[in-house]
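Q: Let me give you the structure first, and then I'll get to my questions.
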Amino acid sequence: MRSSPAWIIQKKRDGKELTETEIREFVTGVVSGEVADYQATALLMAIFFRGMSLDETVALTQAMLESGERYTLNEVPGPKVDKHSTGGVGDKVSLILAPLAAACGLRVPMMSGRGLGHTGGTLDKLESIPGFSTALDRERFGQVLSKVGCAMIGQSARVAPADRKLYALRDVTGTVECVPLIVASILSKKLAEGTGALVLDVKVGNGAFMKTRAKAAQLAKALIRVSERMGVPCRALLTDMSQPLGYTVGNALEIREVIEILRNAGEAGTSCDLKEVTLALCAQMLELGGKARGAAQGRKLAREKLDDGSAWRSFRELVREQGGSVDAVDDPDRLARAPRQLVYASPRKGHVGRMDTEALGRLLVELGGGRMKATDTVDPAVGLVFHRKLGARVEVGEPLVTVHHQDAHDPERLRLQLGRSIEITRIRKPVPKLIIATVGGQLS
Ligand code: URA
């Protein structure tokens, strides 16, 4: 006999464990409309306060995964390993990592999202390359993956429709920050793409979803346990997001930075943090995919493939196969460029002591480079270039940030916002560790 939605809500409200069947029926009802939005919201709030056991979280993830289309990619030979980031500011890692891991012999079937709120999205960055299509059908996705070693597409509306519905409700009912709900949301989409293993980049800091190390570690462990229970080996790195990653924030500017790193054309020291995080994640992917015996060997292989130009060649091939302009990536001056540039200089002598990373991400949205709601369009040209990062010594009047903006933006207001977001301290504060911890292996 089917349980009524009201009974399932009461059971969770009273702190009892739901069965797999109850969870599946509820999720099916959410997608079909049989379960009303107010009932779905009531269950989400009950889960928020009562939590979920591992078995319940696995059942919720499975039910959400089965609510939509699922790729198997059996026709693509080779170890399939993907990466997922919990989101940050200036996080362009996927754009370097996917072609790099492909150049090292993995297959990277990457389904990504768009930027929302203060965090950026891989799809928006890719679409600032003229012609690049992230809307490949299932067959073409498999073809590009086989040929290039990686393919980068958006989630179709057919993937995990239960998450689409539940996430929209969570967003407006104060139930986003809940570990079992985040785990089911992320994994139901990631496991739909047909990857054989998964590496997670769980961001920590004032620009991340999880502001503290403890919370990030809790999320990472839950993601790993559920993924492994569902047959997909998984590891996580906790990495710092208390300042933007790399030197650029904004879609076309970030593509330029990616190209610089892939071509090894960066000045010494440029984007060290971005390169380090990418190599560390690639090392984990290579170990999970059986291409390296340990992370140290994986990092060495990744470094070689970055330095010898193999990753750059994979990136160019990816651009070509997905309809993008290879001329534009060969000559990044062809990418979109904003008409105005404003240099924000340090108001005093000292050190870059703190950045309000979330506020910097929101500034990009204000400039037009991000979106507050899913239907907003983004301006690929606008953004921020950071000349100094946390810990750097600065003189008064020394350039800290160049803002790329459109005519409509008031320079004084931009200066004021940057002044509030970047703190110059007399004494140098310790810079947070970039790779904070590795989580994974044998968790019970
Ligand atoms: N990203 C997701 O896809 N879902 C969440 O719940 C949080 C972050």
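The chains in the structure tokens are called A, B, ... from first to last as shown; in each chain the residues are counted from 1, and the ligands are counted from 1 in the order shown.
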Write as number ranges by chain the residues around ligand 1, taking 7 Å as the cut-off and counting only C-alpha atoms and all ligand atoms.

A: A: 86, 167, 176, 181-183, 185-186

Q: For the contact check between region 348-437 of chain A and region 216-238 of chain A, emit one row per residue of region 348-437 of chain A within 7 Å, containing the shortest atom pair and the distance in Å rounded to one decimal, counting only C-alpha atoms, chain then rising number order, as a tab-separated table.

A:
```
residue	atom	partner	partner_atom	distance
A:Ile435	CA	A:Leu238	CA	6.3
A:Ile436	CA	A:Leu238	CA	5.3
A:Ala437	CA	A:Leu238	CA	5.2
```

Q: Going by DSSP on the backbone, which residues of region 23-221 of chain A come out as strand (DSSP E or B)? List them as a ChimeraX atom specification.

A: /A:80-85,107-112,116,119,150-154,197-204,210

Q: Could you pull the residues within 12 Å of region 317-319 of chain A, counting only C-alpha atoms, minus those fewer than 4 positions along the same chain, as a PyMOL selection string?

A: chain A and resi 95-96+98-100+102-103+108+126-134+141+143-153+255+259+310-313+323-330

Q: Now that the selection is made, can you save its residues with N, CA and C atoms as a compact mmCIF listing (two decimals), in the first residue's frame?

A:
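part_33.txt written:
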```
# COMPACT_ATOMS: atom_id res chain seq x y z
N LEU A 95 38.09 24.13 -17.11
CA LEU A 95 38.48 24.43 -18.48
C LEU A 95 39.91 24.00 -18.79
N ILE A 96 40.74 23.94 -17.75
CA ILE A 96 42.12 23.46 -17.93
C ILE A 96 42.16 21.97 -17.64
N ALA A 98 39.82 19.47 -17.73
CA ALA A 98 39.23 18.47 -18.63
C ALA A 98 40.19 18.13 -19.78
N PRO A 99 40.73 19.14 -20.53
CA PRO A 99 41.68 18.76 -21.59
C PRO A 99 42.99 18.18 -21.05
N LEU A 100 43.39 18.61 -19.85
CA LEU A 100 44.63 18.07 -19.27
C LEU A 100 44.45 16.58 -18.92
N ALA A 102 42.32 14.60 -20.18
CA ALA A 102 42.18 13.88 -21.45
C ALA A 102 43.55 13.60 -22.05
N ALA A 103 44.43 14.60 -21.99
CA ALA A 103 45.79 14.42 -22.54
C ALA A 103 46.57 13.36 -21.76
N VAL A 108 36.84 12.37 -19.94
CA VAL A 108 36.16 13.26 -18.98
C VAL A 108 34.80 13.70 -19.54
N LEU A 126 32.64 28.94 -21.25
CA LEU A 126 32.85 28.32 -22.56
C LEU A 126 32.14 29.08 -23.67
N GLU A 127 30.95 29.57 -23.36
CA GLU A 127 30.17 30.25 -24.41
C GLU A 127 30.72 31.63 -24.76
N SER A 128 31.75 32.08 -24.02
CA SER A 128 32.37 33.33 -24.46
C SER A 128 33.38 33.06 -25.58
N ILE A 129 33.58 31.79 -25.92
CA ILE A 129 34.36 31.45 -27.12
C ILE A 129 33.35 31.45 -28.29
N PRO A 130 33.53 32.32 -29.29
CA PRO A 130 32.53 32.42 -30.36
C PRO A 130 32.23 31.05 -30.97
N GLY A 131 30.95 30.72 -31.07
CA GLY A 131 30.50 29.49 -31.73
C GLY A 131 30.45 28.27 -30.84
N PHE A 132 31.08 28.29 -29.69
CA PHE A 132 31.18 27.09 -28.85
C PHE A 132 29.78 26.65 -28.42
N SER A 133 29.44 25.39 -28.70
CA SER A 133 28.12 24.88 -28.32
C SER A 133 28.23 23.91 -27.16
N THR A 134 27.42 24.17 -26.12
CA THR A 134 27.40 23.27 -24.96
C THR A 134 26.13 22.42 -24.98
N PHE A 141 27.80 13.93 -27.94
CA PHE A 141 28.55 13.98 -26.67
C PHE A 141 29.53 12.79 -26.64
N GLN A 143 30.60 11.03 -29.18
CA GLN A 143 31.60 11.12 -30.27
C GLN A 143 32.75 12.05 -29.87
N VAL A 144 32.41 13.21 -29.32
CA VAL A 144 33.46 14.18 -28.94
C VAL A 144 34.32 13.58 -27.83
N LEU A 145 33.64 12.93 -26.88
CA LEU A 145 34.36 12.31 -25.76
C LEU A 145 35.35 11.26 -26.27
N SER A 146 34.92 10.43 -27.22
CA SER A 146 35.81 9.40 -27.76
C SER A 146 36.97 10.02 -28.51
N LYS A 147 36.68 11.07 -29.29
CA LYS A 147 37.72 11.64 -30.16
C LYS A 147 38.71 12.51 -29.37
N VAL A 148 38.19 13.39 -28.52
CA VAL A 148 39.06 14.36 -27.84
C VAL A 148 39.55 13.83 -26.48
N GLY A 149 38.69 13.04 -25.85
CA GLY A 149 39.02 12.59 -24.48
C GLY A 149 38.23 13.37 -23.45
N CYS A 150 37.59 14.46 -23.88
CA CYS A 150 36.70 15.18 -22.97
C CYS A 150 35.61 15.84 -23.79
N ALA A 151 34.48 16.06 -23.15
CA ALA A 151 33.39 16.80 -23.80
C ALA A 151 32.71 17.58 -22.70
N MET A 152 32.29 18.81 -23.04
CA MET A 152 31.75 19.69 -21.98
C MET A 152 30.39 20.21 -22.41
N ILE A 153 29.37 19.75 -21.70
CA ILE A 153 28.00 20.14 -22.09
C ILE A 153 27.20 20.62 -20.88
N ILE A 255 38.67 32.96 -19.82
CA ILE A 255 39.12 32.14 -20.96
C ILE A 255 40.54 32.55 -21.35
N ILE A 259 43.79 30.08 -21.39
CA ILE A 259 44.64 29.92 -22.58
C ILE A 259 46.11 30.18 -22.22
N SER A 310 50.52 19.20 -24.59
CA SER A 310 49.47 18.22 -24.94
C SER A 310 48.09 18.71 -24.51
N ALA A 311 48.01 19.31 -23.30
CA ALA A 311 46.71 19.78 -22.81
C ALA A 311 46.18 20.91 -23.68
N TRP A 312 47.07 21.78 -24.13
CA TRP A 312 46.68 22.88 -25.03
C TRP A 312 46.12 22.32 -26.34
N ARG A 313 46.77 21.28 -26.87
CA ARG A 313 46.28 20.68 -28.11
C ARG A 313 44.90 20.05 -27.90
N GLY A 323 32.36 23.21 -32.08
CA GLY A 323 31.90 24.31 -32.94
C GLY A 323 32.48 25.67 -32.61
N GLY A 324 33.45 25.73 -31.70
CA GLY A 324 34.01 27.03 -31.31
C GLY A 324 35.07 27.51 -32.28
N SER A 325 35.40 28.80 -32.18
CA SER A 325 36.39 29.40 -33.07
C SER A 325 37.81 29.13 -32.55
N VAL A 326 38.54 28.30 -33.29
CA VAL A 326 39.93 28.01 -32.91
C VAL A 326 40.77 29.28 -33.11
N ASP A 327 40.40 30.09 -34.12
CA ASP A 327 41.12 31.35 -34.35
C ASP A 327 41.05 32.24 -33.11
N ALA A 328 39.89 32.24 -32.45
CA ALA A 328 39.72 33.11 -31.27
C ALA A 328 40.56 32.62 -30.09
N VAL A 329 40.72 31.31 -29.95
CA VAL A 329 41.56 30.86 -28.83
C VAL A 329 43.05 30.97 -29.16
N ASP A 330 43.37 30.89 -30.47
CA ASP A 330 44.77 31.10 -30.88
C ASP A 330 45.16 32.57 -30.72
```

Q: Give me the residues near region 349-366 of chain A as number ranges by chain, where near means some atom within 9 Å (using only C-alpha atoms) and where sequence neighbours in that chain fewer than 6 positions away do not count.

A: A: 88-90, 117-120, 205-208, 241-244, 249-250, 372, 378, 382-384, 388-398, 414, 417-418, 420-431

Q: Quick one: contact table of region 154-218 of chain A to region 31-48 of chain A, 12 Å max, nearest atom pair and distance in Å to one decimal per residue, counting only C-alpha atoms, chain and number order, as CSV?

A:
```
residue,atom,partner,partner_atom,distance
A:Arg158,CA,A:Val31,CA,11.6
A:Ala160,CA,A:Val31,CA,9.7
A:Pro161,CA,A:Val31,CA,6.9
A:Ala162,CA,A:Val31,CA,5.6
A:Asp163,CA,A:Val31,CA,9.2
A:Arg164,CA,A:Val31,CA,9.4
A:Lys165,CA,A:Val31,CA,7.3
A:Leu166,CA,A:Ala40,CA,7.6
A:Tyr167,CA,A:Leu44,CA,10.1
A:Ala168,CA,A:Thr41,CA,10.3
A:Leu169,CA,A:Thr41,CA,6.6
A:Arg170,CA,A:Leu44,CA,7.4
A:Asp171,CA,A:Thr41,CA,10.5
A:Val172,CA,A:Thr41,CA,9.6
A:Thr173,CA,A:Thr41,CA,7.3
A:Gly174,CA,A:Met45,CA,8.2
A:Thr175,CA,A:Met45,CA,6.3
A:Val176,CA,A:Phe48,CA,8.6
A:Glu177,CA,A:Phe48,CA,8.1
A:Cys178,CA,A:Phe48,CA,5.7
A:Val179,CA,A:Phe48,CA,8.4
A:Pro180,CA,A:Ile47,CA,8.1
A:Leu181,CA,A:Ile47,CA,8.0
A:Ile182,CA,A:Phe48,CA,10.6
```

Q: How would the residues just chosen look if you wrote them out with N, CA and C atoms as a compact mmCIF listing (two decimals), in the first residue's frame?

A:
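Once everything was written out, this is part-v7.txt:
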```txt
# COMPACT_ATOMS: atom_id res chain seq x y z
N ARG A 158 16.21 17.13 -19.20
CA ARG A 158 15.78 15.75 -18.93
C ARG A 158 16.60 15.08 -17.83
N ALA A 160 17.76 14.59 -14.13
CA ALA A 160 17.31 14.81 -12.74
C ALA A 160 16.25 15.91 -12.61
N PRO A 161 15.09 15.75 -13.27
CA PRO A 161 14.05 16.79 -13.12
C PRO A 161 13.59 16.97 -11.68
N ALA A 162 13.73 15.92 -10.86
CA ALA A 162 13.34 16.05 -9.45
C ALA A 162 14.20 17.10 -8.77
N ASP A 163 15.49 17.15 -9.14
CA ASP A 163 16.37 18.15 -8.52
C ASP A 163 15.97 19.55 -8.96
N ARG A 164 15.63 19.68 -10.22
CA ARG A 164 15.23 21.00 -10.74
C ARG A 164 14.09 21.57 -9.89
N LYS A 165 13.09 20.70 -9.65
CA LYS A 165 11.91 21.12 -8.90
C LYS A 165 12.27 21.37 -7.42
N LEU A 166 12.97 20.41 -6.83
CA LEU A 166 13.28 20.53 -5.40
C LEU A 166 14.24 21.69 -5.13
N TYR A 167 15.22 21.88 -6.05
CA TYR A 167 16.19 22.97 -5.83
C TYR A 167 15.47 24.33 -5.87
N ALA A 168 14.54 24.47 -6.81
CA ALA A 168 13.79 25.74 -6.91
C ALA A 168 13.01 25.99 -5.62
N LEU A 169 12.45 24.94 -5.04
CA LEU A 169 11.72 25.11 -3.77
C LEU A 169 12.68 25.41 -2.62
N ARG A 170 13.81 24.71 -2.59
CA ARG A 170 14.80 24.95 -1.51
C ARG A 170 15.29 26.40 -1.54
N ASP A 171 15.50 26.89 -2.75
CA ASP A 171 16.04 28.23 -2.94
C ASP A 171 15.17 29.30 -2.28
N VAL A 172 13.86 29.07 -2.23
CA VAL A 172 12.96 30.11 -1.70
C VAL A 172 12.36 29.73 -0.34
N THR A 173 12.86 28.64 0.26
CA THR A 173 12.26 28.24 1.55
C THR A 173 13.33 28.01 2.64
N GLY A 174 14.53 28.54 2.41
CA GLY A 174 15.56 28.44 3.46
C GLY A 174 16.01 27.02 3.73
N THR A 175 16.04 26.17 2.70
CA THR A 175 16.45 24.78 2.92
C THR A 175 17.62 24.36 2.02
N VAL A 176 18.41 25.35 1.59
CA VAL A 176 19.56 25.01 0.73
C VAL A 176 20.69 24.40 1.56
N GLU A 177 21.02 25.00 2.70
CA GLU A 177 22.22 24.59 3.45
C GLU A 177 21.97 23.35 4.30
N CYS A 178 21.79 22.24 3.66
CA CYS A 178 21.47 21.00 4.36
C CYS A 178 22.22 19.86 3.66
N VAL A 179 23.13 19.22 4.40
CA VAL A 179 24.06 18.28 3.77
C VAL A 179 23.35 17.18 2.95
N PRO A 180 22.39 16.41 3.49
CA PRO A 180 21.80 15.35 2.65
C PRO A 180 21.11 15.89 1.40
N LEU A 181 20.53 17.09 1.50
CA LEU A 181 19.86 17.66 0.32
C LEU A 181 20.89 18.12 -0.71
N ILE A 182 22.01 18.68 -0.25
CA ILE A 182 23.07 19.10 -1.19
C ILE A 182 23.67 17.87 -1.87
```

Q: What separation in Å, quoted to one decimal, exists between CA of Asp333 (chain A) and CA of Asp91 (chain A)?

A: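 CA of Asp333 (chain A) sits 21.5 Å away from CA of Asp91 (chain A).
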
Q: Take CA of Thr57 (chain A) and CA of Leu73 (chain A) and report the distance between them in Å, one decimal.

A: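 According to the coordinates, CA of Thr57 (chain A) and CA of Leu73 (chain A) are separated by 25.5 Å.
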
Q: Can you work out the spacing between CA of Tyr71 (chain A) and CA of Ser112 (chain A) in Å, to one decimal?

A: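 Result for CA of Tyr71 (chain A) versus CA of Ser112 (chain A): 14.6 Å, one decimal.
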
Q: Check region 101-297 of chain A with DSSP on the backbone and list each residue it calls alpha helix (DSSP H), as a VMD selection string.

A: chain A and resid 101 to 103 122 to 126 138 to 148 161 to 171 179 to 190 213 to 229 251 to 262 272 to 288 295 to 297

Q: Measuring atom to atom with only C-alpha atoms, identify which of A:Gly370, A:Val27, A:Arg50, A:Thr72 is nearest to Asp14 (chain A).

A: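 Result for the nearest residue to Asp14 (chain A): A:Arg50.
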